[in-house]
Each structure stands twice: as structure tokens, then as C-alpha cells.
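Dropping target.txt in here (compact mmCIF, C-alpha atoms and all ligand atoms):
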# COMPACT_ATOMS: atom_id res chain seq x y z
CA MET I 1 39.42 65.87 -168.70
CA GLU I 2 41.10 64.87 -165.45
CA LEU I 3 44.68 66.13 -164.88
CA GLN I 4 47.02 64.02 -162.73
CA LEU I 5 50.54 64.59 -161.51
CA ILE I 6 52.91 61.81 -160.58
CA LYS I 7 56.60 61.48 -159.88
CA GLY I 8 58.27 58.48 -161.42
CA ASP I 9 59.19 56.50 -164.50
CA ILE I 10 56.81 56.97 -167.44
CA THR I 11 57.70 53.55 -168.91
CA LYS I 12 55.85 51.83 -166.06
CA LEU I 13 52.46 53.43 -166.66
CA TYR I 14 49.32 51.57 -167.68
CA VAL I 15 47.71 54.29 -169.77
CA ASP I 16 46.47 54.18 -173.36
CA VAL I 17 49.46 56.12 -174.64
CA ILE I 18 52.71 57.53 -173.30
CA VAL I 19 54.62 60.32 -175.00
CA ASN I 20 58.32 60.21 -175.75
CA ALA I 21 60.57 63.30 -175.87
CA ALA I 22 62.37 62.27 -179.07
CA ASN I 23 64.74 63.92 -181.53
CA SER I 24 63.79 64.87 -185.08
CA GLY I 25 65.63 61.89 -186.53
CA LEU I 26 63.65 59.50 -184.29
CA MET I 27 67.01 57.86 -183.67
CA GLY I 28 66.80 57.25 -179.96
CA GLY I 29 69.11 58.99 -177.52
CA GLY I 30 69.42 59.58 -173.78
CA GLY I 31 66.95 60.53 -171.06
CA VAL I 32 63.34 59.41 -171.35
CA ASP I 33 63.88 58.36 -174.99
CA GLU I 34 66.52 55.86 -173.94
CA ALA I 35 64.38 54.56 -171.07
CA ILE I 36 61.40 54.03 -173.42
CA HIS I 37 63.38 52.19 -176.09
CA ARG I 38 65.11 50.07 -173.48
CA ALA I 39 61.86 49.09 -171.76
CA GLY I 40 59.79 48.71 -174.94
CA GLY I 41 62.23 46.74 -177.07
CA PRO I 42 63.42 46.88 -180.70
CA GLU I 43 59.99 46.92 -182.38
CA ILE I 44 59.72 50.61 -181.52
CA MET I 45 62.95 51.51 -183.33
CA ASP I 46 61.87 49.42 -186.35
CA GLU I 47 58.76 51.53 -186.69
CA CYS I 48 60.69 54.77 -186.12
CA ARG I 49 62.98 53.72 -188.95
CA SER I 50 60.00 53.19 -191.31
CA ILE I 51 58.62 56.61 -190.41
CA ARG I 52 62.03 58.18 -191.08
CA GLU I 53 62.22 56.45 -194.48
CA ARG I 54 58.68 57.52 -195.34
CA GLN I 55 58.67 61.14 -194.14
CA GLY I 56 62.26 61.98 -193.18
CA GLY I 57 61.76 62.16 -189.39
CA CYS I 58 59.68 64.53 -187.30
CA PRO I 59 60.25 68.29 -187.02
CA ALA I 60 60.15 70.06 -183.63
CA GLY I 61 56.58 70.62 -182.47
CA GLU I 62 55.15 67.67 -184.39
CA ALA I 63 54.29 64.14 -183.29
CA VAL I 64 54.10 60.61 -184.70
CA ILE I 65 52.61 57.41 -183.32
CA THR I 66 54.11 53.91 -183.14
CA THR I 67 53.71 50.61 -181.41
CA SER I 68 54.59 50.62 -177.73
CA GLY I 69 56.43 47.30 -178.07
CA SER I 70 56.46 45.55 -174.73
CA LEU I 71 55.57 48.64 -172.66
CA PRO I 72 52.42 48.45 -170.53
CA ALA I 73 50.95 51.46 -172.38
CA LYS I 74 48.97 50.51 -175.51
CA LYS I 75 50.63 53.00 -177.87
CA LEU I 76 53.54 55.40 -178.01
CA ILE I 77 53.63 58.94 -179.37
CA HIS I 78 56.98 60.51 -180.22
CA THR I 79 57.10 64.28 -180.16
CA VAL I 80 60.12 66.48 -180.68
CA GLY I 81 60.60 69.38 -178.30
CA PRO I 82 62.53 72.53 -179.21
CA VAL I 83 66.16 72.92 -178.21
CA TRP I 84 66.34 75.96 -175.89
CA LYS I 85 68.35 78.72 -177.60
CA GLY I 86 67.53 81.64 -175.32
CA GLY I 87 63.78 81.92 -175.95
CA ASN I 88 63.64 83.99 -179.15
CA ASN I 89 63.61 81.10 -181.55
CA ASP I 90 59.98 80.05 -181.39
CA GLU I 91 60.72 77.68 -178.51
CA LYS I 92 57.45 78.44 -176.69
CA ALA I 93 55.23 77.92 -179.76
CA LYS I 94 57.04 74.70 -180.60
CA LEU I 95 56.76 73.31 -177.08
CA HIS I 96 53.04 74.22 -176.99
CA ALA I 97 52.62 72.46 -180.35
CA CYS I 98 54.24 69.29 -178.95
CA TYR I 99 51.47 68.95 -176.37
CA ILE I 100 48.63 69.93 -178.73
CA ASN I 101 49.79 67.70 -181.60
CA SER I 102 50.27 64.74 -179.23
CA LEU I 103 46.76 65.24 -177.83
CA LYS I 104 45.32 65.47 -181.35
CA LEU I 105 47.07 62.27 -182.37
CA ALA I 106 45.84 60.47 -179.26
CA GLU I 107 42.33 61.68 -179.95
CA SER I 108 42.36 60.62 -183.61
CA ASN I 109 43.50 57.15 -182.51
CA GLY I 110 40.72 56.86 -179.94
CA LEU I 111 43.15 56.84 -177.00
CA GLN I 112 41.55 58.02 -173.78
CA SER I 113 44.42 58.38 -171.33
CA ILE I 114 47.80 59.93 -172.09
CA ALA I 115 50.96 60.53 -170.05
CA PHE I 116 53.53 63.24 -170.82
CA PRO I 117 57.12 63.59 -169.62
CA ASN I 118 58.52 67.11 -169.13
CA ILE I 119 59.41 67.61 -172.78
CA SER I 120 62.60 69.61 -173.57
CA THR I 121 63.57 70.09 -169.90
CA GLY I 122 66.47 67.63 -169.97
CA VAL I 123 69.15 67.57 -172.67
CA TYR I 124 67.29 70.27 -174.67
CA GLY I 125 67.68 72.76 -171.82
CA TYR I 126 64.26 74.46 -171.70
CA PRO I 127 63.92 76.28 -168.35
CA LYS I 128 61.75 74.06 -166.19
CA ALA I 129 59.38 76.66 -164.73
CA GLU I 130 58.56 78.12 -168.16
CA ALA I 131 58.19 74.65 -169.67
CA ALA I 132 55.74 73.61 -166.93
CA GLU I 133 53.56 76.65 -167.62
CA VAL I 134 53.52 75.93 -171.35
CA ALA I 135 52.67 72.26 -170.78
CA ILE I 136 49.85 72.94 -168.32
CA ASN I 137 48.35 75.79 -170.37
CA ALA I 138 48.44 73.72 -173.55
CA VAL I 139 46.71 70.74 -171.93
CA LYS I 140 44.11 72.93 -170.19
CA SER I 141 43.30 74.68 -173.50
CA PHE I 142 42.61 71.38 -175.26
CA LYS I 143 38.96 70.41 -175.26
CA SER I 144 38.29 66.78 -176.03
CA ASN I 145 35.39 64.37 -176.08
CA VAL I 146 37.77 61.42 -176.33
CA ILE I 147 40.60 62.00 -173.85
CA VAL I 148 39.47 61.60 -170.25
CA LYS I 149 42.80 61.64 -168.42
CA VAL I 150 46.14 63.43 -168.86
CA VAL I 151 49.03 62.48 -166.59
CA PHE I 152 52.08 64.72 -166.13
CA VAL I 153 54.99 62.49 -165.20
CA CYS I 154 57.87 64.23 -163.46
CA PHE I 155 61.12 62.41 -163.00
CA ASP I 156 62.97 64.97 -160.90
CA ASP I 157 61.99 66.80 -157.72
CA GLU I 158 62.30 70.26 -159.24
CA ASN I 159 59.79 69.55 -162.01
CA HIS I 160 57.47 67.79 -159.60
CA GLN I 161 57.50 70.81 -157.29
CA LEU I 162 56.86 73.24 -160.16
CA TYR I 163 53.96 71.20 -161.54
CA SER I 164 52.39 70.74 -158.17
CA GLN I 165 52.49 74.51 -157.55
CA SER I 166 51.06 75.36 -160.98
CA LEU I 167 48.35 72.73 -160.90
CA SER I 168 47.12 73.82 -157.50
CA LYS I 169 46.61 77.47 -158.61
N1 LIG I 201 60.30 58.80 -167.08
C1 LIG I 201 59.83 60.08 -167.07
N2 LIG I 201 60.62 61.15 -167.28
C2 LIG I 201 61.94 60.93 -167.51
C3 LIG I 201 62.50 59.63 -167.54
C4 LIG I 201 61.62 58.53 -167.31
N3 LIG I 201 62.04 57.27 -167.34
N4 LIG I 201 63.85 59.74 -167.78
C5 LIG I 201 64.10 61.06 -167.90
N5 LIG I 201 62.97 61.78 -167.73
P1 LIG I 201 65.16 64.42 -171.89
P2 LIG I 201 64.58 66.51 -173.91
C6 LIG I 201 62.77 63.25 -167.75
O1 LIG I 201 66.58 64.81 -171.82
O2 LIG I 201 65.11 67.56 -173.01
C7 LIG I 201 67.19 62.52 -175.88
O3 LIG I 201 68.51 62.14 -176.10
C8 LIG I 201 63.95 64.14 -167.50
O4 LIG I 201 64.19 64.26 -166.11
O5 LIG I 201 64.80 62.97 -171.91
O6 LIG I 201 63.26 66.74 -174.59
C9 LIG I 201 66.35 62.51 -177.14
O7 LIG I 201 66.76 61.50 -178.04
C10 LIG I 201 63.48 65.46 -168.11
O8 LIG I 201 62.72 66.20 -167.16
O9 LIG I 201 64.41 65.07 -173.20
C11 LIG I 201 66.60 63.87 -177.71
O10 LIG I 201 67.80 63.92 -178.46
C12 LIG I 201 62.52 65.03 -169.22
O11 LIG I 201 62.35 63.61 -169.05
C13 LIG I 201 66.75 64.73 -176.48
O12 LIG I 201 67.16 63.86 -175.43
C14 LIG I 201 63.02 65.32 -170.61
O13 LIG I 201 64.43 65.12 -170.67
C15 LIG I 201 65.47 65.36 -176.06
O14 LIG I 201 65.69 66.23 -174.99
Go ahead and express the file in the form of C-alpha cells.
Amino acid sequence: MELQLIKGDITKLYVDVIVNAANSGLMGGGGVDEAIHRAGGPEIMDECRSIRERQGGCPAGEAVITTSGSLPAKKLIHTVGPVWKGGNNDEKAKLHACYINSLKLAESNGLQSIAFPNISTGVYGYPKAEAAEVAINAVKSFKSNVIVKVVFVCFDDENHQLYSQSLSK
């Protein structure tokens, strides 16, 4: 599995699947979620609504898959990161689970390349250095015969710097 790091807008990527940092209601919001819905169009929200009606949303740490609408990526995975509440509320296990469950879902859908944003490091307030370690360790621990490429997409300089340091260790 090849690991790549880029700085930029995840909505522009031509990969098999991009991951959204959603909320448990799958209702849309700000940050990367807003950018994805804006770029991908209303079909995505229609499918999120059906998922909500069927299973009542998506708890933190879990992931669901939808159409990618008009995005260049073929599919879209929505995962829900933990809200940072100081670190003693299972945040690390939940963030780890976001990456693992997204990778499992990509794999079971035969998707070979996947791009992740820096889940929970925006509105949800997870400290960026700790979140980068969790993300990189989770992806490195995942052994797959299906997924050939994982892209970490950093939007801000601080995350990009942290990922580039960790990935070069
Ligand atoms: N491409 C890649 N990364 C981006 C983009 C983009 N276009 N835009 C922002 N980021 P956040 P969270 C980065 O707040 O902390 C939403 O309202 C951003 O710099 O999007 O998991 C949801 O609906 C940051 O590093 O997600 C939820 O309610 C990272 O994406 C809540 O926010 C994650 O920041 C989820 O909070």
C-alpha cells in the first residue's frame, strides 16, 4: 500500500473514494463536509437522508458509503470523528476506528485508492499532532490486498507539516 501526502482540496481528487469528516446526523455542516456537498451536488444529501431514515445516522468511529455525485472521485465515504473533550472520552479509539472502518468499507466495495482529510482536527478540536499519529498508525496497521494507495490530504500548513514529519520517520 502506497502512502501519499498532499496539501490541497480533497474535492478535486481523482481517486476511487474520498472520505468526508461528517457529523453523526449526516446533515452536512462546515469545513470539508460543506466543501464536499457543495462540489458534489444534492444527490449526496439525498442518499445521506435515506441512510438516516434507515439506520438513524452514523455514530462516531463508524462509516457509511454513498454516491459521490458530481465529484471526480467514484464514491464517497462519510465517517464521523470524535469531538475532542480532553482525551479521556475514548477519542483516540474512535478516531482510529474512523480510519479502519473507512478502509474496510473501501475494501469491501473494491475501491483501490482512498483519500482522507484530517478527521476531527477542525470544528471537532482534536489536537493536530495527536490526530496525525493516530491517522498514520491506523493506516499503516491496515493490511489490504485491495487498496493500493492511501492519500492524506492536508488543507492547512500545520497539518501538512505534522504529516510530513511523521511520514518521513
Ligand atoms: N479539503 C481537505 N481538507 C479540508 C477541506 C477541503 N476542502 N476543507 C477543510 N478541510 P472539519 P471535523 C480540513 O472541521 O473537525 C463539519 O461541520 C480542515 O482544515 O471539516 O471532523 C461536519 O459537518 C481540517 O483539518 O471536520 C461536522 O459537524 C479537517 O478538514 C464537523 O464539522 C477537518 O475539519 C466535523 O468536524
### Query
Got a sec: who's within 9 Å of Thr121 in chain I, counting all atoms listed in the file, leaving out chain neighbours fewer than 3 positions off, as a list in words?
Gly81, Trp84, Asn118, Tyr124, Gly125, Tyr126, Pro127, Lys128, Ala131 and Asn159 of chain I
#### Entry: Test item: residues at most 12 Å from Val83 in chain I, all atoms listed in the file, excluding those fewer than 3 positions along its chain, as a PyMOL selection string
chain I and resi 21-24+59-61+80+86-92+94-95+119-127+131
### Task
Have a look at I:Cys98, I:Met45, I:Ile147, I:Leu76 and name the one nearest to Leu111 in chain I; count only C-alpha atoms.
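Ranked by minimum distance to Leu111 in chain I, first place goes to I:Ile147.
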### Task
Mind giving me the straight-line distance from CA of Thr79 in chain I to CA of Leu162 in chain I in Å, one decimal?
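Separation of CA of Thr79 in chain I and CA of Leu162 in chain I: 21.9 Å.
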#### Entry: From I:Gly110, I:Gly30, I:Pro72, I:Gly25, residue lying nearest ligand LIG 201 (chain I) [all atoms listed in the file]
I:Gly30
### Query
Using all atoms listed in the file, which residues sit within 7 Å of range 112-117 of chain I once same-chain residues fewer than 5 positions away are excluded, as a VMD selection string?
chain I and resid 10 15 to 19 146 to 154
#### Entry: Nearest to ligand LIG 201 (chain I) by atom-to-atom distance, counting all atoms listed in the file, from I:Arg52, I:Lys140, I:Lys12, I:Lys85
I:Lys12
### Expected answer as a PyMOL selection string: all residues with atoms within 7 Å of (51.2, 73.2, -166.1), all atoms listed in the file
chain I and resi 132-137+163+166-167
## Note on the structure
Pairwise distance, CA of Ala97 in chain I with CA of Arg49 in chain I, equals 23.1 Å
### Task
Considering all atoms listed in the file, state which residue in the set I:Ser70, I:Gln161, I:Asn20, I:Gln4 is at the smallest distance from ligand LIG 201 (chain I).
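Nearest to ligand LIG 201 (chain I): I:Asn20.
The interatomic distance for the pair CA of Asp33 in chain I and CA of Gly69 in chain I works out to 13.7 Å.
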### Message
Calculated over all atoms listed in the file, which of the candidates I:Ala63, I:Pro82, I:Gln165, I:Tyr14 has the smallest distance to ligand LIG 201 (chain I)?
### Response
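Looking at the shortest contact to ligand LIG 201 (chain I), the residue is I:Pro82.
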Axis-aligned box for range 152-169 of chain I, 3 Å per side, centre and edges in Å as AutoDock Vina command-line options:
--center_x 54.8 --center_y 69.9 --center_z -161.7 --size_x 22.4 --size_y 21.1 --size_z 14.8
### Task
Would you please work out which residue, of I:Met1, I:Ala73, I:Gly29, I:Ala129, is nearest to Leu103 in chain I when using all atoms listed in the file?
I:Met1
